[in-house]
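What follows is the content of protein33.pdb (PDB, C-alpha atoms).
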```pdb
ATOM      1  CA  MET L 542      75.206  47.244 208.700
ATOM      2  CA  PHE L 543      72.510  45.074 210.225
ATOM      3  CA  GLU L 544      70.230  42.691 208.363
ATOM      4  CA  ILE L 545      67.011  41.110 209.541
ATOM      5  CA  GLU L 546      64.944  38.513 207.759
ATOM      6  CA  ILE L 547      61.516  37.061 208.352
ATOM      7  CA  LYS L 548      59.695  34.170 206.768
ATOM      8  CA  ARG L 549      55.931  34.029 206.321
ATOM      9  CA  SER L 550      53.685  31.818 204.194
ATOM     10  CA  PHE L 551      50.405  31.699 202.340
ATOM     11  CA  SER L 552      48.553  29.388 199.978
ATOM     12  CA  ALA L 553      47.100  30.481 196.654
ATOM     13  CA  ALA L 554      46.311  29.363 193.123
ATOM     14  CA  HIS L 555      47.147  30.846 189.749
ATOM     15  CA  ALA L 556      47.165  30.045 186.053
ATOM     16  CA  LEU L 557      49.823  31.519 183.765
ATOM     17  CA  LYS L 558      48.364  33.145 180.665
ATOM     18  CA  ASN L 559      50.199  32.595 177.368
ATOM     19  CA  TYR L 560      52.478  30.022 178.956
ATOM     20  CA  ASN L 561      53.439  26.940 176.971
ATOM     21  CA  GLY L 562      53.289  24.242 179.612
ATOM     22  CA  PRO L 563      51.189  22.748 182.378
ATOM     23  CA  CYS L 564      51.214  25.961 184.457
ATOM     24  CA  VAL L 565      48.720  27.428 181.989
ATOM     25  CA  ASN L 566      46.178  25.400 183.968
ATOM     26  CA  LEU L 567      44.889  26.497 187.356
ATOM     27  CA  HIS L 568      47.136  25.092 190.094
ATOM     28  CA  GLY L 569      48.193  26.019 193.607
ATOM     29  CA  HIS L 570      51.269  26.612 195.710
ATOM     30  CA  ASN L 571      52.149  26.900 199.359
ATOM     31  CA  TYR L 572      54.245  30.042 199.041
ATOM     32  CA  SER L 573      57.041  31.074 201.402
ATOM     33  CA  VAL L 574      57.796  34.781 201.668
ATOM     34  CA  TYR L 575      61.226  35.939 202.838
ATOM     35  CA  ALA L 576      61.668  39.654 203.515
ATOM     36  CA  VAL L 577      65.129  41.044 204.233
ATOM     37  CA  LEU L 578      65.673  44.559 205.557
ATOM     38  CA  ARG L 579      68.951  46.335 206.237
ATOM     39  CA  ALA L 580      69.653  49.025 208.794
ATOM     40  CA  LYS L 581      72.746  51.149 209.284
ATOM     41  CA  ASN L 582      72.092  51.685 212.985
ATOM     42  CA  LEU L 583      70.173  50.209 215.892
ATOM     43  CA  ASP L 584      67.617  52.134 217.895
ATOM     44  CA  SER L 585      68.067  52.902 221.612
ATOM     45  CA  ASN L 586      66.783  49.394 222.423
ATOM     46  CA  GLY L 587      69.367  47.706 220.200
ATOM     47  CA  ILE L 588      66.822  46.886 217.478
ATOM     48  CA  ALA L 589      67.313  47.398 213.728
ATOM     49  CA  VAL L 590      63.648  46.851 212.807
ATOM     50  CA  ASP L 591      61.048  45.413 215.138
ATOM     51  CA  PHE L 592      60.244  41.884 213.963
ATOM     52  CA  VAL L 593      56.630  42.346 215.091
ATOM     53  CA  ARG L 594      56.242  45.408 212.862
ATOM     54  CA  LEU L 595      57.813  43.698 209.848
ATOM     55  CA  LYS L 596      55.791  40.499 210.294
ATOM     56  CA  GLY L 597      52.609  42.560 210.617
ATOM     57  CA  ALA L 598      53.325  44.475 207.418
ATOM     58  CA  VAL L 599      54.048  41.292 205.451
ATOM     59  CA  ASP L 600      51.040  39.500 206.918
ATOM     60  CA  LYS L 601      48.786  42.368 205.870
ATOM     61  CA  LEU L 602      50.114  42.201 202.308
ATOM     62  CA  ILE L 603      49.891  38.454 201.904
ATOM     63  CA  GLY L 604      46.465  38.431 203.534
ATOM     64  CA  GLU L 605      45.214  39.859 200.235
ATOM     65  CA  PHE L 606      46.594  36.800 198.429
ATOM     66  CA  ASP L 607      46.006  33.951 200.884
ATOM     67  CA  HIS L 608      43.547  31.277 199.719
ATOM     68  CA  THR L 609      42.681  33.149 196.522
ATOM     69  CA  ASN L 610      43.183  32.708 192.806
ATOM     70  CA  LEU L 611      45.945  35.234 192.166
ATOM     71  CA  SER L 612      44.998  35.345 188.485
ATOM     72  CA  ASP L 613      41.712  37.002 189.510
ATOM     73  CA  ASN L 614      43.430  39.731 191.554
ATOM     74  CA  PRO L 615      43.305  43.166 189.847
ATOM     75  CA  ARG L 616      46.996  43.703 190.691
ATOM     76  CA  PHE L 617      47.770  41.035 188.106
ATOM     77  CA  ALA L 618      45.345  42.053 185.369
ATOM     78  CA  ASP L 619      48.206  42.856 182.972
ATOM     79  CA  ILE L 620      50.899  40.458 184.183
ATOM     80  CA  ASN L 621      51.072  36.853 185.308
ATOM     81  CA  PRO L 622      51.256  36.414 189.101
ATOM     82  CA  THR L 623      54.546  34.538 188.977
ATOM     83  CA  SER L 624      56.842  34.209 191.977
ATOM     84  CA  GLU L 625      59.044  36.909 190.465
ATOM     85  CA  VAL L 626      56.109  39.311 190.163
ATOM     86  CA  LEU L 627      54.871  38.508 193.670
ATOM     87  CA  ALA L 628      58.351  39.262 195.047
ATOM     88  CA  MET L 629      58.389  42.618 193.228
ATOM     89  CA  VAL L 630      54.891  43.586 194.390
ATOM     90  CA  ILE L 631      55.639  42.767 198.022
ATOM     91  CA  TYR L 632      59.028  44.523 197.832
ATOM     92  CA  ASN L 633      57.449  47.704 196.448
ATOM     93  CA  GLU L 634      54.697  47.683 199.076
ATOM     94  CA  LEU L 635      57.191  47.148 201.910
ATOM     95  CA  LYS L 636      59.305  50.008 200.565
ATOM     96  CA  LYS L 637      56.419  52.370 201.317
ATOM     97  CA  GLU L 638      56.700  51.554 205.017
ATOM     98  CA  PHE L 639      60.370  50.671 205.510
ATOM     99  CA  GLN L 640      62.466  53.174 203.599
ATOM    100  CA  ASP L 641      64.350  55.978 205.310
ATOM    101  CA  ASP L 642      67.911  57.143 205.944
ATOM    102  CA  ASN L 643      68.532  54.170 208.232
ATOM    103  CA  VAL L 644      66.343  51.289 207.055
ATOM    104  CA  LYS L 645      65.941  49.895 203.542
ATOM    105  CA  VAL L 646      64.155  46.908 202.098
ATOM    106  CA  HIS L 647      66.967  44.806 200.702
ATOM    107  CA  ARG L 648      65.287  41.781 199.133
ATOM    108  CA  VAL L 649      62.028  39.861 198.955
ATOM    109  CA  SER L 650      62.080  36.217 197.911
ATOM    110  CA  ILE L 651      59.152  33.957 197.104
ATOM    111  CA  GLY L 652      59.367  30.197 197.281
ATOM    112  CA  GLU L 653      56.636  28.386 195.400
ATOM    113  CA  SER L 654      58.020  25.035 196.485
ATOM    114  CA  GLU L 655      60.857  23.838 198.685
ATOM    115  CA  ASN L 656      63.054  23.680 195.561
ATOM    116  CA  SER L 657      62.181  26.935 193.761
ATOM    117  CA  LEU L 658      62.827  30.502 194.911
ATOM    118  CA  ALA L 659      62.586  33.833 193.079
ATOM    119  CA  SER L 660      63.907  37.119 194.466
ATOM    120  CA  TYR L 661      63.455  40.807 193.752
ATOM    121  CA  PHE L 662      65.846  43.551 194.865
ATOM    122  CA  GLU L 663      67.111  46.871 193.585
ATOM    123  CA  GLU L 664      70.757  47.782 193.177
TER     124      GLU L 664
END
```
Can the structure from this file be put into structure tokens for me?
Amino acid sequence: MFEIEIKRSFSAAHALKNYNGPCVNLHGHNYSVYAVLRAKNLDSNGIAVDFVRLKGAVDKLIGEFDHTNLSDNPRFADINPTSEVLAMVIYNELKKEFQDDNVKVHRVSIGESENSLASYFEE
């Protein structure tokens, strides 16, 4: 089994509805996005998943979020755009492109600070 991981980043704001604490107010984060894919086999070039392809897919997804107020994004109309939810959304979008008999999305993690990380994966 092979595993590859990339790290990307974006900046965005959000406010957590119905939250009892300071995060109910609009505030921002410099998010880190970690995407981990697993492959059973390598291709004829010895590559599990092309890093360029994976980075491009993640960059396209986070481009929707970068320098925005996530709370205004229709994806989050019914749920707070927490790090956990962001990880799930990105995971599910990546699954559409990287899911076959050989390659699977294993985990997406979102860091909202250097000390806080939330991950989403399926068992």
- Please write as an MDAnalysis selection string the full residue list that the PyMOL selection byres ((chain L and resi 574-591) around 7) yields on this file. chainID L and resid 542:550 572:573 592:595 643:652
- When distances are computed from only C-alpha atoms, which of L:Ala598, L:Gly569, L:Asn610, L:Ser660 shows the smallest separation from Leu635 (chain L)? L:Ala598
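Note that the spacing between CA of Phe617 (chain L) and CA of His568 (chain L) amounts to 16.1 Å.
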- Excluding same-chain residues fewer than 5 positions from Asp613 (chain L), what lies within 10 Å of it counting all atoms listed in the file, as a list in words?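 Those residues are Ala554, His555, Ala556, Ala618 and Pro622 of chain L.
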- Could you give me, as a list in words, the residues within 8 Å of region 603-607 of chain L, counting all atoms listed in the file and dropping anything in the same chain fewer than 4 positions from it?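 Counting all atoms listed in the file, the residues come to Ser550, Phe551, Ser552, Ala553, Val599 and Leu611 of chain L.
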- Query: Distance CA of Val630 (chain L)-CA of Lys558 (chain L), one decimal place?
  - Reply: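 Rounded to one decimal, the two atoms are 18.4 Å apart.
Going from CA of Phe662 (chain L) to CA of Asn633 (chain L) covers 9.5 Å.
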- Task: Using all atoms listed in the file, find the one residue out of L:Asn559, L:Ile620, L:Leu627, L:Pro615 that sits nearest to Leu602 (chain L).
- Result: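 Closest residue, counting all atoms listed in the file: L:Leu627.
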- Find the residues near Tyr560 (chain L): any atom within 10 Å, counting only C-alpha atoms, skip ones fewer than 5 places away on the same chain, and give them as a ChimeraX atom specification. /L:565-566,621
- Item | Residues matched by the PyMOL selection byres ((chain L and resi 625) around 7), written as a list in words | Thr623, Ser624, Val626, Leu627, Ala628, Met629, Ala659, Ser660 and Tyr661 of chain L
Residues from the last selection, C-alpha atoms, saved as an mmCIF file, keeping the file's coordinate frame:
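Okay, this is what ended up in again12.cif:
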```
data_model
loop_
_atom_site.group_PDB
_atom_site.id
_atom_site.type_symbol
_atom_site.label_atom_id
_atom_site.label_comp_id
_atom_site.auth_asym_id
_atom_site.auth_seq_id
_atom_site.Cartn_x
_atom_site.Cartn_y
_atom_site.Cartn_z
ATOM 1 C CA THR L 623 54.546 34.538 188.977
ATOM 2 C CA SER L 624 56.842 34.209 191.977
ATOM 3 C CA VAL L 626 56.109 39.311 190.163
ATOM 4 C CA LEU L 627 54.871 38.508 193.670
ATOM 5 C CA ALA L 628 58.351 39.262 195.047
ATOM 6 C CA MET L 629 58.389 42.618 193.228
ATOM 7 C CA ALA L 659 62.586 33.833 193.079
ATOM 8 C CA SER L 660 63.907 37.119 194.466
ATOM 9 C CA TYR L 661 63.455 40.807 193.752
#
```
Kindly reconstruct region 583-594 of chain L with all heavy atoms and present the result as a PDB file, keeping the file's coordinate frame.
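Contents of rebuild09.pdb, freshly written:
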```pdb
ATOM      1  N   LEU L 583      71.197  50.755 215.007  1.00  0.00           N
ATOM      2  CA  LEU L 583      70.173  50.209 215.892  1.00  0.00           C
ATOM      3  C   LEU L 583      69.513  51.346 216.650  1.00  0.00           C
ATOM      4  O   LEU L 583      70.118  52.398 216.861  1.00  0.00           O
ATOM      5  CB  LEU L 583      70.819  49.237 216.890  1.00  0.00           C
ATOM      6  CG  LEU L 583      71.591  48.062 216.310  1.00  0.00           C
ATOM      7  CD1 LEU L 583      72.212  47.236 217.425  1.00  0.00           C
ATOM      8  CD2 LEU L 583      70.701  47.213 215.426  1.00  0.00           C
ATOM      9  N   ASP L 584      68.274  51.127 217.075  1.00  0.00           N
ATOM     10  CA  ASP L 584      67.617  52.134 217.895  1.00  0.00           C
ATOM     11  C   ASP L 584      68.136  52.041 219.338  1.00  0.00           C
ATOM     12  O   ASP L 584      69.033  51.242 219.642  1.00  0.00           O
ATOM     13  CB  ASP L 584      66.084  52.024 217.813  1.00  0.00           C
ATOM     14  CG  ASP L 584      65.514  50.771 218.453  1.00  0.00           C
ATOM     15  OD1 ASP L 584      66.243  50.059 219.186  1.00  0.00           O
ATOM     16  OD2 ASP L 584      64.316  50.499 218.231  1.00  0.00           O
ATOM     17  N   SER L 585      67.581  52.849 220.231  1.00  0.00           N
ATOM     18  CA  SER L 585      68.067  52.902 221.612  1.00  0.00           C
ATOM     19  C   SER L 585      67.854  51.589 222.363  1.00  0.00           C
ATOM     20  O   SER L 585      68.473  51.357 223.392  1.00  0.00           O
ATOM     21  CB  SER L 585      67.393  54.050 222.365  1.00  0.00           C
ATOM     22  OG  SER L 585      65.988  53.849 222.384  1.00  0.00           O
ATOM     23  N   ASN L 586      66.994  50.710 221.826  1.00  0.00           N
ATOM     24  CA  ASN L 586      66.783  49.394 222.423  1.00  0.00           C
ATOM     25  C   ASN L 586      67.649  48.310 221.801  1.00  0.00           C
ATOM     26  O   ASN L 586      67.510  47.132 222.125  1.00  0.00           O
ATOM     27  CB  ASN L 586      65.306  48.986 222.292  1.00  0.00           C
ATOM     28  CG  ASN L 586      64.401  49.858 223.111  1.00  0.00           C
ATOM     29  OD1 ASN L 586      64.708  50.170 224.255  1.00  0.00           O
ATOM     30  ND2 ASN L 586      63.287  50.266 222.533  1.00  0.00           N
ATOM     31  N   GLY L 587      68.504  48.685 220.863  1.00  0.00           N
ATOM     32  CA  GLY L 587      69.367  47.706 220.200  1.00  0.00           C
ATOM     33  C   GLY L 587      68.662  46.946 219.097  1.00  0.00           C
ATOM     34  O   GLY L 587      69.052  45.826 218.769  1.00  0.00           O
ATOM     35  N   ILE L 588      67.625  47.545 218.507  1.00  0.00           N
ATOM     36  CA  ILE L 588      66.822  46.886 217.478  1.00  0.00           C
ATOM     37  C   ILE L 588      67.004  47.606 216.141  1.00  0.00           C
ATOM     38  O   ILE L 588      66.922  48.830 216.073  1.00  0.00           O
ATOM     39  CB  ILE L 588      65.328  46.889 217.879  1.00  0.00           C
ATOM     40  CG1 ILE L 588      65.133  46.042 219.144  1.00  0.00           C
ATOM     41  CG2 ILE L 588      64.445  46.387 216.750  1.00  0.00           C
ATOM     42  CD1 ILE L 588      63.748  46.131 219.746  1.00  0.00           C
ATOM     43  N   ALA L 589      67.213  46.825 215.078  1.00  0.00           N
ATOM     44  CA  ALA L 589      67.313  47.398 213.728  1.00  0.00           C
ATOM     45  C   ALA L 589      65.918  47.727 213.214  1.00  0.00           C
ATOM     46  O   ALA L 589      65.619  48.858 212.830  1.00  0.00           O
ATOM     47  CB  ALA L 589      68.016  46.429 212.786  1.00  0.00           C
ATOM     48  N   VAL L 590      65.059  46.726 213.173  1.00  0.00           N
ATOM     49  CA  VAL L 590      63.648  46.851 212.807  1.00  0.00           C
ATOM     50  C   VAL L 590      62.897  45.854 213.678  1.00  0.00           C
ATOM     51  O   VAL L 590      63.321  44.701 213.787  1.00  0.00           O
ATOM     52  CB  VAL L 590      63.393  46.534 211.317  1.00  0.00           C
ATOM     53  CG1 VAL L 590      61.909  46.555 210.997  1.00  0.00           C
ATOM     54  CG2 VAL L 590      64.143  47.507 210.414  1.00  0.00           C
ATOM     55  N   ASP L 591      61.821  46.298 214.268  1.00  0.00           N
ATOM     56  CA  ASP L 591      61.048  45.413 215.138  1.00  0.00           C
ATOM     57  C   ASP L 591      60.454  44.274 214.308  1.00  0.00           C
ATOM     58  O   ASP L 591      59.735  44.509 213.337  1.00  0.00           O
ATOM     59  CB  ASP L 591      59.939  46.218 215.813  1.00  0.00           C
ATOM     60  CG  ASP L 591      59.224  45.457 216.908  1.00  0.00           C
ATOM     61  OD1 ASP L 591      59.209  44.206 216.863  1.00  0.00           O
ATOM     62  OD2 ASP L 591      58.665  46.116 217.796  1.00  0.00           O
ATOM     63  N   PHE L 592      60.778  43.045 214.680  1.00  0.00           N
ATOM     64  CA  PHE L 592      60.244  41.884 213.963  1.00  0.00           C
ATOM     65  C   PHE L 592      58.714  41.894 213.933  1.00  0.00           C
ATOM     66  O   PHE L 592      58.107  41.522 212.932  1.00  0.00           O
ATOM     67  CB  PHE L 592      60.721  40.574 214.614  1.00  0.00           C
ATOM     68  CG  PHE L 592      62.138  40.203 214.291  1.00  0.00           C
ATOM     69  CD1 PHE L 592      63.101  40.151 215.281  1.00  0.00           C
ATOM     70  CD2 PHE L 592      62.514  39.878 212.993  1.00  0.00           C
ATOM     71  CE1 PHE L 592      64.405  39.797 214.991  1.00  0.00           C
ATOM     72  CE2 PHE L 592      63.812  39.511 212.685  1.00  0.00           C
ATOM     73  CZ  PHE L 592      64.764  39.479 213.692  1.00  0.00           C
ATOM     74  N   VAL L 593      58.092  42.316 215.021  1.00  0.00           N
ATOM     75  CA  VAL L 593      56.630  42.346 215.091  1.00  0.00           C
ATOM     76  C   VAL L 593      56.074  43.283 214.025  1.00  0.00           C
ATOM     77  O   VAL L 593      55.103  42.963 213.334  1.00  0.00           O
ATOM     78  CB  VAL L 593      56.151  42.758 216.504  1.00  0.00           C
ATOM     79  CG1 VAL L 593      54.648  42.972 216.532  1.00  0.00           C
ATOM     80  CG2 VAL L 593      56.572  41.727 217.531  1.00  0.00           C
ATOM     81  N   ARG L 594      56.688  44.432 213.867  1.00  0.00           N
ATOM     82  CA  ARG L 594      56.242  45.408 212.862  1.00  0.00           C
ATOM     83  C   ARG L 594      56.415  44.855 211.449  1.00  0.00           C
ATOM     84  O   ARG L 594      55.529  44.965 210.604  1.00  0.00           O
ATOM     85  CB  ARG L 594      57.024  46.707 213.027  1.00  0.00           C
ATOM     86  CG  ARG L 594      56.609  47.791 212.084  1.00  0.00           C
ATOM     87  CD  ARG L 594      57.317  49.107 212.385  1.00  0.00           C
ATOM     88  NE  ARG L 594      57.139  49.998 211.262  1.00  0.00           N
ATOM     89  CZ  ARG L 594      58.110  50.731 210.734  1.00  0.00           C
ATOM     90  NH1 ARG L 594      59.325  50.705 211.247  1.00  0.00           N
ATOM     91  NH2 ARG L 594      57.867  51.509 209.703  1.00  0.00           N
TER      92      ARG L 594
END
```
